file upload.cif (mmCIF, C-alpha atoms)
data_input
loop_
_atom_site.label_atom_id
_atom_site.label_comp_id
_atom_site.auth_asym_id
_atom_site.auth_seq_id
_atom_site.Cartn_x
_atom_site.Cartn_y
_atom_site.Cartn_z
CA MET A 1079 -25.50 -19.47 6.10
CA ARG A 1080 -22.08 -18.20 7.05
CA LEU A 1081 -18.91 -18.29 4.96
CA PRO A 1082 -17.57 -21.85 4.67
CA THR A 1083 -14.81 -22.87 7.05
CA PRO A 1084 -11.43 -23.67 5.48
CA ILE A 1085 -12.37 -27.37 5.54
CA ASP A 1086 -15.62 -26.60 3.75
CA LEU A 1087 -13.70 -24.59 1.15
CA GLN A 1088 -11.53 -27.60 0.38
CA GLN A 1089 -14.65 -29.77 0.14
CA LEU A 1090 -16.18 -27.30 -2.30
CA ALA A 1091 -13.05 -27.54 -4.42
CA LEU A 1092 -13.45 -31.31 -4.50
CA HIS A 1093 -17.16 -30.98 -5.26
CA HIS A 1094 -16.42 -28.83 -8.29
CA SER A 1095 -13.75 -31.27 -9.46
CA VAL A 1096 -11.10 -28.59 -9.60
CA GLN A 1097 -8.30 -30.38 -7.78
CA SER A 1098 -4.90 -29.42 -9.04
CA GLN A 1099 -2.51 -31.95 -10.45
CA PRO A 1100 -0.39 -33.85 -7.91
CA GLY A 1101 2.52 -31.71 -6.80
CA GLN A 1102 0.90 -28.51 -8.06
CA PRO A 1103 -0.81 -25.83 -5.96
CA LEU A 1104 -4.55 -25.32 -5.97
CA LEU A 1105 -5.18 -21.87 -7.46
CA ILE A 1106 -8.17 -20.10 -5.92
CA GLY A 1107 -9.26 -16.72 -7.27
CA ILE A 1108 -11.10 -14.09 -5.24
CA THR A 1109 -12.59 -11.17 -7.13
CA GLY A 1110 -15.25 -8.51 -6.69
CA SER A 1111 -15.63 -4.75 -6.60
CA VAL A 1112 -13.07 -2.22 -5.50
CA ALA A 1113 -13.28 -1.89 -1.68
CA VAL A 1114 -15.36 -5.04 -1.16
CA GLY A 1115 -12.68 -6.65 1.01
CA LYS A 1116 -10.92 -9.13 -1.28
CA SER A 1117 -7.52 -8.71 0.40
CA THR A 1118 -9.07 -9.01 3.85
CA LEU A 1119 -10.84 -12.25 2.93
CA ALA A 1120 -7.68 -13.66 1.37
CA ALA A 1121 -5.67 -12.85 4.50
CA ALA A 1122 -8.31 -14.48 6.71
CA LEU A 1123 -8.20 -17.65 4.63
CA VAL A 1124 -4.41 -17.77 4.80
CA GLU A 1125 -4.56 -17.48 8.58
CA SER A 1126 -7.25 -20.11 8.98
CA LEU A 1127 -5.99 -22.78 6.56
CA VAL A 1128 -3.83 -24.37 9.23
CA GLY A 1129 -1.45 -27.14 8.20
CA LEU A 1130 -1.24 -26.04 4.57
CA ARG A 1131 1.27 -23.86 2.79
CA VAL A 1132 -0.88 -20.95 1.62
CA ASP A 1133 0.22 -17.74 -0.09
CA THR A 1134 -1.51 -14.86 -1.87
CA VAL A 1135 -0.93 -13.02 -5.11
CA ALA A 1136 -2.59 -9.64 -5.73
CA THR A 1137 -3.61 -8.92 -9.31
CA ASP A 1138 -2.75 -5.25 -8.63
CA GLY A 1139 0.85 -6.25 -9.32
CA PHE A 1140 -0.12 -6.89 -12.93
CA LEU A 1141 -1.51 -3.42 -13.55
CA LEU A 1142 0.44 -1.53 -16.17
CA PRO A 1143 2.78 1.09 -14.64
CA ASN A 1144 1.42 4.63 -14.50
CA THR A 1145 3.81 5.74 -17.24
CA ALA A 1146 2.39 3.11 -19.59
CA LEU A 1147 -1.18 3.99 -18.62
CA ASP A 1148 -0.49 7.68 -19.21
CA ALA A 1149 1.06 6.99 -22.62
CA ALA A 1150 -1.96 4.89 -23.64
CA GLY A 1151 -4.51 7.39 -22.34
CA LEU A 1152 -5.69 4.92 -19.69
CA THR A 1153 -4.93 6.88 -16.53
CA LEU A 1154 -8.63 7.14 -15.64
CA ARG A 1155 -9.17 3.48 -16.60
CA LYS A 1156 -6.91 1.97 -13.95
CA GLY A 1157 -8.55 -1.23 -12.76
CA PHE A 1158 -10.44 -1.73 -16.02
CA PRO A 1159 -9.51 -4.88 -18.02
CA GLU A 1160 -7.33 -3.00 -20.51
CA SER A 1161 -5.17 -1.57 -17.72
CA PHE A 1162 -3.73 -4.99 -16.84
CA ASP A 1163 -0.73 -6.80 -18.29
CA ALA A 1164 -2.74 -9.85 -19.33
CA ALA A 1165 0.24 -11.62 -20.89
CA GLY A 1166 2.36 -11.05 -17.78
CA PHE A 1167 -0.42 -12.41 -15.57
CA ALA A 1168 -0.84 -15.53 -17.71
CA THR A 1169 2.92 -16.16 -17.72
CA ALA A 1170 3.17 -15.78 -13.94
CA ILE A 1171 0.22 -18.10 -13.25
CA ALA A 1172 1.67 -20.76 -15.57
CA ALA A 1173 5.02 -20.51 -13.77
CA LEU A 1174 3.41 -20.71 -10.32
CA ARG A 1175 1.78 -23.99 -11.34
CA HIS A 1176 5.18 -25.63 -11.40
CA GLY A 1177 7.11 -23.96 -8.60
CA PRO A 1178 8.27 -20.69 -7.08
CA ALA A 1179 8.13 -17.67 -9.36
CA PRO A 1180 8.64 -13.90 -9.05
CA VAL A 1181 5.47 -11.81 -8.75
CA PRO A 1182 5.38 -8.00 -9.15
CA GLY A 1183 3.99 -5.80 -6.40
CA TYR A 1184 1.79 -2.70 -6.31
CA SER A 1185 1.87 0.09 -3.73
CA HIS A 1186 -1.40 1.80 -2.83
CA GLN A 1187 0.68 4.46 -1.12
CA ILE A 1188 2.38 5.60 -4.34
CA TYR A 1189 -0.52 4.35 -6.50
CA ASP A 1190 1.82 2.51 -8.87
CA ILE A 1191 3.85 -0.64 -9.46
CA ASP A 1192 6.77 -0.73 -7.03
CA PRO A 1193 9.74 -2.85 -8.18
CA ALA A 1194 10.89 -3.09 -4.56
CA LEU A 1195 7.75 -5.12 -3.80
CA THR A 1196 8.50 -7.89 -6.31
CA ARG A 1197 8.75 -11.14 -4.37
CA GLN A 1198 9.26 -14.85 -4.88
CA VAL A 1199 6.00 -16.77 -4.34
CA GLY A 1200 5.81 -20.49 -3.57
CA PRO A 1201 6.12 -23.33 -3.14
CA ALA A 1202 2.58 -23.64 -1.80
CA ASP A 1203 -0.30 -26.05 -1.45
CA ILE A 1204 -2.83 -23.30 -2.12
CA LEU A 1205 -2.31 -19.98 -3.89
CA ILE A 1206 -5.02 -17.34 -3.50
CA ILE A 1207 -5.12 -14.92 -6.45
CA GLU A 1208 -7.09 -11.87 -5.31
CA GLY A 1209 -8.07 -8.67 -7.04
CA LEU A 1210 -9.61 -7.20 -10.16
CA GLY A 1211 -9.00 -8.33 -13.71
CA LEU A 1212 -10.46 -11.83 -13.37
CA ALA A 1213 -13.71 -11.24 -15.26
CA PRO A 1214 -14.26 -12.34 -18.88
CA HIS A 1215 -13.41 -9.58 -21.33
CA ALA A 1216 -12.97 -9.31 -25.10
CA GLY A 1217 -13.22 -13.05 -25.58
CA ALA A 1218 -10.65 -13.83 -22.89
CA ASN A 1219 -11.23 -15.23 -19.40
CA PRO A 1220 -8.20 -14.80 -17.09
CA ALA A 1221 -9.93 -16.84 -14.36
CA ALA A 1222 -9.92 -19.89 -16.65
CA ALA A 1223 -6.27 -20.38 -15.65
CA LEU A 1224 -7.36 -20.88 -12.03
CA ASP A 1225 -8.94 -23.92 -10.36
CA LEU A 1226 -11.69 -22.17 -8.44
CA LEU A 1227 -13.15 -18.65 -8.52
CA LEU A 1228 -14.91 -16.97 -5.61
CA TYR A 1229 -16.89 -13.78 -6.23
CA LEU A 1230 -17.29 -11.48 -3.23
CA ASP A 1231 -20.50 -9.51 -3.76
CA ALA A 1232 -22.06 -6.55 -1.91
CA ASP A 1233 -24.72 -3.90 -2.43
CA GLU A 1234 -23.52 -0.85 -4.37
CA ALA A 1235 -24.43 1.55 -1.55
CA ASP A 1236 -22.21 -0.37 0.87
CA LEU A 1237 -19.38 -0.53 -1.64
CA GLU A 1238 -19.49 3.23 -2.14
CA ARG A 1239 -19.43 3.81 1.62
CA TRP A 1240 -16.45 1.49 2.08
CA PHE A 1241 -14.57 3.04 -0.84
CA VAL A 1242 -15.06 6.57 0.47
CA ALA A 1243 -13.93 5.50 3.95
CA ARG A 1244 -10.80 3.89 2.50
CA PHE A 1245 -9.99 6.99 0.45
CA ILE A 1246 -10.42 9.26 3.47
CA GLY A 1247 -8.16 6.95 5.46
CA PHE A 1248 -5.38 7.30 2.87
CA TRP A 1249 -6.07 11.06 2.72
CA HIS A 1250 -5.61 11.44 6.47
CA ALA A 1251 -2.44 9.29 6.46
CA ALA A 1252 -0.94 11.47 3.71
CA ALA A 1253 -0.80 14.40 6.15
CA LYS A 1254 2.29 12.76 7.65
CA ASP A 1255 3.68 11.33 4.40
CA PRO A 1256 4.45 13.80 1.60
CA THR A 1257 5.52 10.90 -0.66
CA SER A 1258 2.00 9.44 -0.63
CA PHE A 1259 -0.05 9.67 -3.81
CA TYR A 1260 -2.84 11.10 -1.66
CA ALA A 1261 -0.71 14.02 -0.49
CA ARG A 1262 -1.81 15.91 -3.62
CA PHE A 1263 -5.33 16.01 -2.20
CA ARG A 1264 -4.37 17.39 1.20
CA ASP A 1265 -5.35 20.94 0.20
CA LEU A 1266 -8.98 19.79 0.03
CA THR A 1267 -11.28 20.28 2.98
CA PRO A 1268 -12.64 17.06 4.54
CA ALA A 1269 -15.98 17.69 2.85
CA ALA A 1270 -14.32 18.29 -0.53
CA ALA A 1271 -12.17 15.18 -0.14
CA GLU A 1272 -15.26 13.10 0.52
CA MET A 1273 -17.02 14.66 -2.46
CA PHE A 1274 -14.00 13.89 -4.66
CA ALA A 1275 -13.95 10.27 -3.46
CA ARG A 1276 -17.64 9.89 -4.28
CA SER A 1277 -16.97 11.32 -7.74
CA VAL A 1278 -14.21 8.75 -8.34
CA TRP A 1279 -16.58 6.01 -7.25
CA THR A 1280 -19.45 7.22 -9.46
CA ASN A 1281 -17.41 7.96 -12.59
CA ILE A 1282 -14.77 5.21 -12.49
CA ASN A 1283 -15.28 2.38 -10.03
CA LEU A 1284 -19.04 1.96 -10.37
CA PRO A 1285 -18.97 1.74 -14.21
CA ASN A 1286 -16.09 -0.73 -13.97
CA LEU A 1287 -18.10 -2.83 -11.53
CA ARG A 1288 -21.25 -2.83 -13.64
CA ASP A 1289 -19.61 -3.23 -17.04
CA HIS A 1290 -16.73 -5.58 -16.24
CA ILE A 1291 -16.08 -6.82 -12.70
CA SER A 1292 -19.60 -8.16 -12.10
CA GLY A 1293 -19.19 -10.39 -15.16
CA ALA A 1294 -17.22 -12.76 -12.95
CA ARG A 1295 -20.23 -13.26 -10.69
CA ASP A 1296 -22.01 -15.39 -13.30
CA THR A 1297 -18.99 -17.60 -13.97
CA ALA A 1298 -17.73 -17.94 -10.38
CA ASP A 1299 -17.83 -21.34 -8.67
CA ILE A 1300 -18.66 -19.70 -5.33
CA VAL A 1301 -20.55 -16.45 -4.68
CA VAL A 1302 -20.40 -14.88 -1.21
CA LYS A 1303 -22.45 -11.81 -0.24
CA LYS A 1304 -21.06 -9.27 2.21
CA GLY A 1305 -23.57 -7.34 4.28
CA PRO A 1306 -23.44 -3.78 5.65
CA ASP A 1307 -21.93 -5.13 8.88
CA HIS A 1308 -19.27 -7.09 6.90
CA GLY A 1309 -20.99 -10.39 7.68
CA LEU A 1310 -20.60 -12.98 4.92
CA ILE A 1311 -23.38 -15.15 3.49
CA LEU A 1312 -22.83 -18.03 1.07
CA VAL A 1313 -25.05 -17.41 -1.99
CA ARG A 1314 -23.89 -20.12 -4.38
CA ALA A 1315 -21.46 -23.03 -4.21
#
call {"tool": "encode", "arguments": {"input": "upload.cif", "output": "structure tokens"}}
result
Amino acid sequence: MRLPTPIDLQQLALHHSVQSQPGQPLLIGITGSVAVGKSTLAAALVESLVGLRVDTVATDGFLLPNTALDAAGLTLRKGFPESFDAAGFATAIAALRHGPAPVPGYSHQIYDIDPALTRQVGPADILIIEGLGLAPHAGANPAAALDLLLYLDADEADLERWFVARFIGFWHAAAKDPTSFYARFRDLTPAAAEMFARSVWTNINLPNLRDHISGARDTADIVVKKGPDHGLILVRA
């Protein structure tokens, strides 16, 4: 079974009785592993939900700045639950319920929060909140503030392959951009860069997936599985 069409997605929302209050946007969360394609899926939904005002919010914007992570000894824990500004996220979601609100932005190029990327979001009929940080943790459940949660799943081997490919893409692009975070790795050979990327996956992203991110799979309203060819299969709705 293929991924639901936009109309089917709205029907699923009705089925789960998660309609927003009149005059308020429907808040749909999309979460899953690093490199699984959350942003790509969100963008596809925005494009296909014709006739509705749809916007996206990336949870990356609620990561703590690198200076704060460094000070707290969390530099190698970026993306883990404790690396997010949970209070800031909750405040922003509450504000978005009732109208336009500013949302911070994150740059993958500089690997940090970028104040220049802060933007006003809304008004909207549907807001898609995509990214990490939506799994239950330490007695809190950030996704509880949303109306519907979709978990994008994939096999670990595929996730590793996609993560390494993304890293190498940034690494190649940094050859022409000395301001890129990835420029610091340009002295590595291609083989060493790939080895480094696999190390990051094994020591940081994989433990985060297994210990934290995957916790959202059990609580999600919808689970979609992504195959090696990027095809999407509906697992649970």
call {"tool": "resolve_selection", "arguments": {"input": "upload.cif", "expression": "the PyMOL selection byres ((chain A and resi 1206) around 12)", "output": "VMD selection string"}}
result
chain A and resid 1103 to 1109 1116 to 1124 1127 1131 to 1137 1171 1174 1199 to 1200 1202 to 1205 1207 to 1209 1221 1224 to 1228
call {"tool": "resolve_selection", "arguments": {"input": "upload.cif", "expression": "the PyMOL selection byres ((chain A and resi 1297-1301) around 6)", "output": "ChimeraX atom specification"}}
result
/A:1227-1229,1294-1296,1302,1313-1315
call {"tool": "residues_around", "arguments": {"input": "upload.cif", "residues": "stretch 1249-1252 of chain A", "least_positions_apart": "5", "cutoff": "8 Å", "atoms": "all atoms listed in the file", "output": "mmCIF file with C-alpha atoms, in the frame of the given file"}}
result
data_model
loop_
_atom_site.group_PDB
_atom_site.id
_atom_site.type_symbol
_atom_site.label_atom_id
_atom_site.label_comp_id
_atom_site.auth_asym_id
_atom_site.auth_seq_id
_atom_site.Cartn_x
_atom_site.Cartn_y
_atom_site.Cartn_z
ATOM 1 C CA THR A 1257 5.520 10.900 -0.660
ATOM 2 C CA SER A 1258 2.000 9.440 -0.630
ATOM 3 C CA PHE A 1259 -0.050 9.670 -3.810
ATOM 4 C CA TYR A 1260 -2.840 11.100 -1.660
ATOM 5 C CA ALA A 1261 -0.710 14.020 -0.490
ATOM 6 C CA PHE A 1263 -5.330 16.010 -2.200
ATOM 7 C CA ARG A 1264 -4.370 17.390 1.200
ATOM 8 C CA ALA A 1271 -12.170 15.180 -0.140
#
call {"tool": "closest_residue", "arguments": {"input": "upload.cif", "among": "A:Ala1218, A:Ala1168, A:Leu1312, A:Ile1246", "to": "A:Ala1270", "atoms": "all atoms listed in the file"}}
result
A:Ile1246
call {"tool": "residues_around", "arguments": {"input": "upload.cif", "residues": "stretch 1161-1165 of chain A", "least_positions_apart": "6", "cutoff": "8 Å", "atoms": "all atoms listed in the file", "output": "PyMOL selection string"}}
result
chain A and resi 1140-1142+1147+1152+1155+1211+1220
call {"tool": "atom_distance", "arguments": {"input": "upload.cif", "atom1": "atom CA of A:Trp1240", "atom2": "atom CA of A:His1308"}}
result
10.2 Å
call {"tool": "atom_distance", "arguments": {"input": "upload.cif", "atom1": "atom CA of A:His1290", "atom2": "atom CA of A:Ile1311"}}
result
22.9 Å
call {"tool": "resolve_selection", "arguments": {"input": "upload.cif", "expression": "the PyMOL selection byres ((chain A and resi 1275) around 12)", "output": "compact mmCIF listing (two decimals) with C-alpha atoms, in the frame of the given file"}}
result
# COMPACT_ATOMS: atom_id res chain seq x y z
CA GLU A 1238 -19.49 3.23 -2.14
CA ARG A 1239 -19.43 3.81 1.62
CA TRP A 1240 -16.45 1.49 2.08
CA PHE A 1241 -14.57 3.04 -0.84
CA VAL A 1242 -15.06 6.57 0.47
CA ALA A 1243 -13.93 5.50 3.95
CA ARG A 1244 -10.80 3.89 2.50
CA PHE A 1245 -9.99 6.99 0.45
CA ILE A 1246 -10.42 9.26 3.47
CA GLY A 1247 -8.16 6.95 5.46
CA PHE A 1248 -5.38 7.30 2.87
CA TRP A 1249 -6.07 11.06 2.72
CA TYR A 1260 -2.84 11.10 -1.66
CA PHE A 1263 -5.33 16.01 -2.20
CA LEU A 1266 -8.98 19.79 0.03
CA PRO A 1268 -12.64 17.06 4.54
CA ALA A 1269 -15.98 17.69 2.85
CA ALA A 1270 -14.32 18.29 -0.53
CA ALA A 1271 -12.17 15.18 -0.14
CA GLU A 1272 -15.26 13.10 0.52
CA MET A 1273 -17.02 14.66 -2.46
CA PHE A 1274 -14.00 13.89 -4.66
CA ARG A 1276 -17.64 9.89 -4.28
CA SER A 1277 -16.97 11.32 -7.74
CA VAL A 1278 -14.21 8.75 -8.34
CA TRP A 1279 -16.58 6.01 -7.25
CA THR A 1280 -19.45 7.22 -9.46
CA ASN A 1281 -17.41 7.96 -12.59
CA ILE A 1282 -14.77 5.21 -12.49
CA ASN A 1283 -15.28 2.38 -10.03
CA LEU A 1284 -19.04 1.96 -10.37
